[in-house]
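Student: After the structure tokens below, expect a handful of questions from me.
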Amino acid sequence: MEQRGIELVPAAERYGRPRDLLFLWAGTTTTVFTVVYGTIVVAMGLSFWQAVAAIVIGNLLAFPLVGFSSIQGMQQGTSTMAISRAAYGNKGARVLGFFGWLNMVGFEAGGMVMITLAGLTLLEQAGVSSDGLGLKVAIVLVAAVIQLILPLIGHSAVMKAQKYLTWVFLVMFVIMAILVAPKANLSAAGSTDFSTFTLAVMLVMSGGGLSWAPLGGDYSRYLPVDSSRKAVFGYAFLGGFVPYLLLMVLGAAVATVVTNASDPISGLPGALPSWFVVPYLLLTVVTLFAANTTDLYSSGLNLQAAGINVKRWLAVVLDLILCVIITFVAITSDSFNTMLNAFLGLLVIWLAPWAGVYVTDWLRRRGRYDAAALFDDHAPDQVRWPGLIAQAAGMVAAALWLNSSVFVGWISGATGGSDFSIFAGFVVAGIVYAALDRRPVPVKELAHA
């Protein structure tokens, strides 16, 4: 079992190759959820080809952030949210670590709910009634035990498992694409205005590379410090970008066949032959376990970055217990899934400004950090106000240009419902940080023991 949390990884314990990140991110992002994102884009009123354009643009803009944060993790030897302390201060960054933890818990809970519903549907396919509460509780508990194994063991187990799962997922989704392709109506009617198109691009970005960016360093931090930066960036970028691009396009094609394809359990299977429904449901369960494994491992690190002084393994267990509780609530509440989706839709308000500050801080420091100072409680600037003020300004800017199901910002309403929340939050936070941070703390090259 891995004992290290966000502590610096010494040179003697570094291992692996940059290409390992390709399989890590491919195994994580090759999920049914990714297909569903593509169906949602079409459900917004876009034609298939408009949806493809939004999918390409959104993923090209967002996934470079995963590659970028992976470089920082390799160079500094710690998690992404721990590196954020350089911009916000060791204590000031705790609030960002807490936001990152909430981010992961939200996605984990959504995955656990889908795993439970897919499991119940599989039992119904076998002729077992799924109405009883006891059966639902049993499935949640069994799923929780399975979900705990890899994140609890740690980094090495997660990396190896995702490598092998990538090939299994690839085969299954190729079969799914072959089955759907003859039915797809790529010329189906659908047209939308520019405002809705911007909403689609924001959805692609927030559900993809932007939400994964805070995890990049968590999995690259064990790579040797002299690894090629180009290779680290390229493999991390491609590992997420290619599956998201292909599977979201597949989802857009499915949406031309089934109108309620955004429901991965009772809707999307309508586009598949009956004999493939059970393999599809099994695929749903396994891919969601894989994605949740990455989320659950990182959520434990984010909890430490938030200033909670617990062992990594204990943080993982506590996170899973919380997810189990949320899942119990979800399967007994008709409105919970709506609330959960609304919560996930609002995450862009903090994610985009964080990315703006993170990138700007790296540029100002020219990529050089005093990694040891990130863990020094007596280092200067424990709370760095330029970073926190820039974060707040970016969050206001993102909120003003946000168009979500629960909140529409003033600028979005004044521009016909357009959504440039990610761009607004990123740019405003970056500019404010660059303007205020006139005297960065001293930095030096990382020298691992």
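Residue numbering restarts at 1 for every chain of the structure tokens, chains are lettered A, B, ... in their displayed order, and ligands are numbered from 1 as they appear.
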DSSP on the backbone, then: every residue of region 104-289 of chain A marked helix (DSSP H, G or I), written as a count of residues only.
Tutor: 145
Student: From the list A:Gln125, A:Asn403, A:Val52, A:Tyr222, which residue is nearest Val277 (chain A) when using only C-alpha atoms?
Tutor: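 Of A:Gln125, A:Asn403, A:Val52, A:Tyr222, the one nearest Val277 (chain A), counting only C-alpha atoms, is A:Gln125.
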Student: Do a neighbour search on Leu96 (chain A) at 10 Å with only C-alpha atoms, toss out local chain neighbours closer than 2 positions, and write the hits as a list in words.
Tutor: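 Everything that qualifies: Met81, Ala82, Ser84, Arg85, Tyr88, Lys91, Gly92, Ala93, Arg94, Phe98, Phe99, Gly100, Trp101, Leu102, Asn302, Ala305, Ala306, Trp350, Leu351, Trp354, Leu388 and Gln391 of chain A.
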Student: For the selection you just gave me, I'd like the residues written to a file as an mmCIF file, in the first residue's frame, keeping N, CA and C atoms.
Tutor:
data_model
loop_
_atom_site.group_PDB
_atom_site.id
_atom_site.type_symbol
_atom_site.label_atom_id
_atom_site.label_comp_id
_atom_site.auth_asym_id
_atom_site.auth_seq_id
_atom_site.Cartn_x
_atom_site.Cartn_y
_atom_site.Cartn_z
ATOM 1 N N MET A 81 -2.568 20.242 -6.871
ATOM 2 C CA MET A 81 -3.103 21.216 -5.925
ATOM 3 C C MET A 81 -2.071 21.632 -4.882
ATOM 4 N N ALA A 82 -1.075 20.774 -4.624
ATOM 5 C CA ALA A 82 0.022 21.184 -3.739
ATOM 6 C C ALA A 82 0.897 22.217 -4.432
ATOM 7 N N SER A 84 -0.131 24.370 -6.449
ATOM 8 C CA SER A 84 -0.900 25.615 -6.446
ATOM 9 C C SER A 84 -0.571 26.490 -5.249
ATOM 10 N N ARG A 85 0.067 25.939 -4.232
ATOM 11 C CA ARG A 85 0.448 26.735 -3.068
ATOM 12 C C ARG A 85 1.405 27.859 -3.448
ATOM 13 N N TYR A 88 -1.022 30.717 -4.274
ATOM 14 C CA TYR A 88 -2.005 31.126 -3.271
ATOM 15 C C TYR A 88 -1.434 31.164 -1.853
ATOM 16 N N LYS A 91 -1.170 28.225 3.115
ATOM 17 C CA LYS A 91 -2.467 28.208 3.794
ATOM 18 C C LYS A 91 -3.575 28.735 2.889
ATOM 19 N N GLY A 92 -3.263 29.722 2.072
ATOM 20 C CA GLY A 92 -4.272 30.268 1.177
ATOM 21 C C GLY A 92 -4.772 29.252 0.164
ATOM 22 N N ALA A 93 -3.915 28.296 -0.206
ATOM 23 C CA ALA A 93 -4.297 27.297 -1.208
ATOM 24 C C ALA A 93 -5.231 26.232 -0.652
ATOM 25 N N ARG A 94 -5.441 26.227 0.642
ATOM 26 C CA ARG A 94 -6.292 25.194 1.219
ATOM 27 C C ARG A 94 -7.720 25.252 0.674
ATOM 28 N N PHE A 98 -9.789 22.326 -1.150
ATOM 29 C CA PHE A 98 -11.142 21.918 -0.767
ATOM 30 C C PHE A 98 -12.067 21.889 -1.978
ATOM 31 N N PHE A 99 -11.965 22.917 -2.842
ATOM 32 C CA PHE A 99 -12.755 22.919 -4.071
ATOM 33 C C PHE A 99 -12.409 21.709 -4.939
ATOM 34 N N GLY A 100 -11.099 21.406 -5.030
ATOM 35 C CA GLY A 100 -10.681 20.244 -5.814
ATOM 36 C C GLY A 100 -11.228 18.956 -5.242
ATOM 37 N N TRP A 101 -11.270 18.868 -3.921
ATOM 38 C CA TRP A 101 -11.825 17.683 -3.277
ATOM 39 C C TRP A 101 -13.317 17.564 -3.579
ATOM 40 N N LEU A 102 -14.063 18.680 -3.487
ATOM 41 C CA LEU A 102 -15.483 18.656 -3.822
ATOM 42 C C LEU A 102 -15.703 18.230 -5.269
ATOM 43 N N ASN A 302 -6.216 15.639 -2.686
ATOM 44 C CA ASN A 302 -6.793 16.982 -2.565
ATOM 45 C C ASN A 302 -7.233 17.276 -1.138
ATOM 46 N N ALA A 305 -4.234 18.365 0.519
ATOM 47 C CA ALA A 305 -3.891 19.718 0.067
ATOM 48 C C ALA A 305 -4.795 20.759 0.702
ATOM 49 N N ALA A 306 -5.997 20.351 1.123
ATOM 50 C CA ALA A 306 -6.923 21.264 1.781
ATOM 51 C C ALA A 306 -6.558 21.498 3.244
ATOM 52 N N TRP A 350 -15.067 27.920 -10.367
ATOM 53 C CA TRP A 350 -13.772 27.962 -9.691
ATOM 54 C C TRP A 350 -12.663 27.358 -10.530
ATOM 55 N N LEU A 351 -12.997 26.399 -11.388
ATOM 56 C CA LEU A 351 -11.961 25.719 -12.160
ATOM 57 C C LEU A 351 -11.265 26.641 -13.156
ATOM 58 N N TRP A 354 -8.918 29.147 -11.434
ATOM 59 C CA TRP A 354 -7.752 28.416 -10.914
ATOM 60 C C TRP A 354 -6.760 28.134 -12.032
ATOM 61 N N LEU A 388 -5.326 34.892 -4.341
ATOM 62 C CA LEU A 388 -6.703 34.770 -3.850
ATOM 63 C C LEU A 388 -7.602 35.849 -4.442
ATOM 64 N N GLN A 391 -8.271 34.912 -7.979
ATOM 65 C CA GLN A 391 -9.238 33.809 -8.010
ATOM 66 C C GLN A 391 -10.654 34.344 -7.839
#
Student: Please identify all polymer residues within 10 Å of Thr31 (chain A), counting only C-alpha atoms, omitting same-chain residues fewer than 2 positions from it, and present them as a ChimeraX atom specification.
Tutor: /A:26-29,33-36,169-170,173,243-244,247,283-291
Student: Which residue, A:Arg14, A:Gly425, A:Glu108, A:Thr166, has the smallest gap to Asp295 (chain A) when you use only C-alpha atoms?
Tutor: A:Glu108
Student: Using only C-alpha atoms, find each residue of region 23-123 of chain A with at least one atom at most 12 Å away from an atom of region 418-423 of chain A; report its shortest atom-to-atom pair and that distance in Å (one decimal), sort the rows by chain and rising residue number, and return the result as JSON lines.
Tutor:
{"residue": "A:Gly58", "atom": "CA", "partner": "A:Ile422", "partner_atom": "CA", "distance": 10.7}
{"residue": "A:Leu61", "atom": "CA", "partner": "A:Phe423", "partner_atom": "CA", "distance": 10.1}
{"residue": "A:Ala62", "atom": "CA", "partner": "A:Ile422", "partner_atom": "CA", "distance": 9.8}
Student: Show me a table, sorted first by chain and then by increasing residue number, of the residues of region 14-124 of chain A having an atom at most 7 Å from region 177-199 of chain A, each with its shortest atom pair and the distance in Å to one decimal, counting only C-alpha atoms and written as CSV.
Tutor:
residue,atom,partner,partner_atom,distance
A:Gly45,CA,A:Gly190,CA,5.8
A:Leu46,CA,A:Gly190,CA,5.2
A:Ser47,CA,A:Gly190,CA,4.0
A:Phe48,CA,A:Leu186,CA,5.7
A:Ala54,CA,A:Phe197,CA,6.9
Student: Please produce a file of those selected residues containing all heavy atoms, as a short mmCIF file (atom, residue, chain, number, x, y, z; two decimals), in the first residue's frame.
Tutor:
data_model
loop_
_atom_site.label_atom_id
_atom_site.label_comp_id
_atom_site.auth_asym_id
_atom_site.auth_seq_id
_atom_site.Cartn_x
_atom_site.Cartn_y
_atom_site.Cartn_z
N GLY A 45 -29.74 20.82 -29.42
CA GLY A 45 -30.32 21.35 -30.64
C GLY A 45 -29.36 21.42 -31.81
O GLY A 45 -29.73 21.88 -32.90
N LEU A 46 -28.12 20.97 -31.61
CA LEU A 46 -27.14 21.01 -32.67
C LEU A 46 -27.33 19.84 -33.64
O LEU A 46 -27.78 18.76 -33.25
CB LEU A 46 -25.71 20.95 -32.10
CG LEU A 46 -25.10 22.25 -31.56
CD1 LEU A 46 -25.80 22.69 -30.29
CD2 LEU A 46 -23.61 22.06 -31.31
N SER A 47 -26.99 20.07 -34.90
CA SER A 47 -26.94 18.97 -35.85
C SER A 47 -25.71 18.13 -35.53
O SER A 47 -24.85 18.52 -34.73
CB SER A 47 -26.85 19.50 -37.28
OG SER A 47 -25.59 20.12 -37.50
N PHE A 48 -25.59 16.97 -36.18
CA PHE A 48 -24.44 16.11 -35.92
C PHE A 48 -23.14 16.84 -36.21
O PHE A 48 -22.20 16.81 -35.41
CB PHE A 48 -24.54 14.84 -36.76
CG PHE A 48 -23.32 13.97 -36.67
CD1 PHE A 48 -23.12 13.14 -35.59
CD2 PHE A 48 -22.35 14.00 -37.68
CE1 PHE A 48 -21.97 12.35 -35.49
CE2 PHE A 48 -21.22 13.21 -37.60
CZ PHE A 48 -21.02 12.39 -36.51
N ALA A 54 -18.21 21.49 -32.20
CA ALA A 54 -18.12 21.88 -30.79
C ALA A 54 -17.23 20.92 -30.01
O ALA A 54 -16.45 21.34 -29.14
CB ALA A 54 -19.52 21.94 -30.18
#
Student: Using only C-alpha atoms, determine which residues lie at most 8 Å from Ile139 (chain A), disregarding the query and same-chain residues fewer than 2 positions distant; provide the list as a list in words.
Tutor: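 Close residues of Ile139 (chain A): Thr116, Gly119, Leu120, Leu135, Lys136, Val137, Leu141, Val142 and Ala143 of chain A.
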